[in-house]
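Asks: Below is one structure. I have some questions about it.
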Amino acid sequence: MTTTTPAAVPAQQSSAKTAYKVTGPRVLRSEWAKFWSLRSSWITLAVAVVLLVALGAIASATYSPDVTAPPNGPGSGTQDAVSLALLGVTFASLAVGVLGVLLSAGEYSTGMIRSTLTAVPRRLPVLWSKAAVIGPVALVVSTVGALAAFQLGTLGLHGEKIALAMGDDGVLRSLAGAGVYLGLVAVFGVALGVLLRSSAGAIAVLVGVLLILPGLAQLLPDSLYDNINPYFPSNAGSAVYALHQSSDALSPGAGLAVFAGWVALTLVGSAVRLAKTDA
């Protein structure tokens with residue numbers, strides 16, 4: 001009586017299966033390569049930096065302590081050197097937010113999302129990897145832009161009472177806070193893109209939440225508006241990089257926690273939809 005033994009699996013096939021196993025780092029590398037291969041990534045990042053640096057430098061160069069200037073405007077004497085340098089943060093936030101939307105919702109528009117989810121059947125690593133790619137990139141680029149805007153602004157404010165140096169109290173914290181805020185906005189855009197699966201729809205919601213919602217809230221009764229106004233995403237985010245806190249604003253730490261909470265909540269919603277519904 002003879003016995004047969006199963007044929008051994010060729011070592012080449014075994015190593016091939018191991019080599020092509022889907023892992024988190026490999027998904028992250030894939031999203032990294034995908035991000036930098038898109039021309040829109042380079043263009044939108046460049047637009048964000050130009051807006052951040054140029055608007056801050058122009059506001060500082062045209063500053064005048066004239067008391068007749070509009071209150072809280074670029075030419076108002078109530079401004080400080082940091083707020084002038086960071087005048088472009090609002091516009092830069094739209095640029096990096098749109099970049100996040102395009103990174104995620106763009107795949108739904110082109111149909112590439114089907115190939116992506118076929119390669120990564122567990123789905124959620126795709127979302128985490130997109131957020132992990134764009135968040136740090138936007139943070140680093142925006143922080144460099146904020147530092148450049150402040151340095152250029154010091155040239156325009158030379159001799160003015162509001163002029164500050166990089167080593168003054170709170171300056172570095174504010175400039176770094178601007179980078180953190182814009183990094184979170186980029187992740188917010190990714191989450192909106194996955195949640196809504198429409199570039200136009202996600203961009204509209206992004207603009208509405210960051211710019212339009214705080215203005216519409218002014219129609220509410222004063223007592224209600226005063227209580228909820230600091231917790232709107234853009235208002236909480238602006239507290240992160242403000243040098244001086246107004247009496248009705250959150251502290252930098254509280255503002256960061258609130259805005260990060262908005263981003264996390266949106267990410268959870270996008271993760272649920274990505275995992276539970278078809279592409």
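Following the order of the structure tokens, chains are lettered A, B, ..., residues in each are numbered from 1, and ligands are numbered from 1.
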Residues near Ala264 (chain A), anyone? I mean within 10 Å using only C-alpha atoms, not counting same-chain ones fewer than 5 positions away, as a PyMOL selection string.
Replies: chain A and resi 184+187-188+191+258-259+269-270
Asks: Atoms to include: N, CA and C atoms. Write the selected residues as a JSON list (two decimals), in the first residue's frame.
Replies:
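Output below, filename out14.json:
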[["chain", "number", "residue", "atom", "x", "y", "z"],
["A", 184, "LEU", "N", -6.28, 70.21, 9.35],
["A", 184, "LEU", "CA", -7.57, 69.61, 9.70],
["A", 184, "LEU", "C", -8.64, 69.93, 8.66],
["A", 187, "VAL", "N", -8.33, 67.41, 5.90],
["A", 187, "VAL", "CA", -8.93, 66.14, 6.28],
["A", 187, "VAL", "C", -10.46, 66.23, 6.26],
["A", 188, "PHE", "N", -10.98, 67.37, 6.67],
["A", 188, "PHE", "CA", -12.42, 67.62, 6.63],
["A", 188, "PHE", "C", -12.93, 67.51, 5.20],
["A", 191, "ALA", "N", -13.14, 63.84, 4.19],
["A", 191, "ALA", "CA", -14.31, 63.20, 4.81],
["A", 191, "ALA", "C", -15.60, 63.60, 4.11],
["A", 258, "VAL", "N", -12.70, 71.45, 19.68],
["A", 258, "VAL", "CA", -14.02, 71.55, 19.05],
["A", 258, "VAL", "C", -13.91, 71.30, 17.55],
["A", 259, "PHE", "N", -12.95, 71.95, 16.90],
["A", 259, "PHE", "CA", -12.83, 71.76, 15.46],
["A", 259, "PHE", "C", -12.41, 70.34, 15.11],
["A", 269, "GLY", "N", -18.87, 59.51, 9.99],
["A", 269, "GLY", "CA", -19.98, 59.38, 9.05],
["A", 269, "GLY", "C", -19.53, 58.88, 7.70],
["A", 270, "SER", "N", -18.40, 59.37, 7.21],
["A", 270, "SER", "CA", -17.90, 58.92, 5.91],
["A", 270, "SER", "C", -17.43, 57.47, 5.99]]
Asks: May I ask which of the residues A:Gln245, A:Val82, A:Ala236, A:Ala279 is the closest one to Ala260 (chain A), counting only C-alpha atoms?
Replies: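 Looking only at the distances to Ala260 (chain A), the closest residue turns out to be A:Ala236.
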Asks: Would you work out the distance separating CA of Lys34 (chain A) from CA of Lys130 (chain A), expressed in Å to one decimal?
Replies: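 Between CA of Lys34 (chain A) and CA of Lys130 (chain A) the gap is 9.6 Å.
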Asks: Per residue of region 107-145 of chain A within 8 Å of region 39-63 of chain A, note the shortest atom pair and the distance in Å to one decimal, counting only C-alpha atoms, and order the rows by chain and increasing residue number, as CSV.
Replies:
residue,atom,partner,partner_atom,distance
A:Ala138,CA,A:Leu45,CA,7.7
A:Val141,CA,A:Val49,CA,7.3
A:Ser142,CA,A:Val49,CA,6.6
A:Gly145,CA,A:Val49,CA,5.5
Asks: Give me a file of those residues, with N, CA and C atoms, as a short mmCIF file (atom, residue, chain, number, x, y, z; two decimals), in the first residue's frame.
Replies:
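File result07.cif, as written:
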data_model
loop_
_atom_site.label_atom_id
_atom_site.label_comp_id
_atom_site.auth_asym_id
_atom_site.auth_seq_id
_atom_site.Cartn_x
_atom_site.Cartn_y
_atom_site.Cartn_z
N ALA A 138 -0.73 69.17 4.15
CA ALA A 138 -1.32 70.50 4.29
C ALA A 138 -0.78 71.22 5.52
N VAL A 141 2.97 72.37 4.69
CA VAL A 141 2.99 73.42 3.68
C VAL A 141 2.37 74.71 4.23
N SER A 142 1.27 74.58 4.96
CA SER A 142 0.59 75.77 5.50
C SER A 142 1.42 76.43 6.59
N GLY A 145 4.04 78.38 4.91
CA GLY A 145 3.42 79.57 4.33
C GLY A 145 3.12 80.63 5.38
#
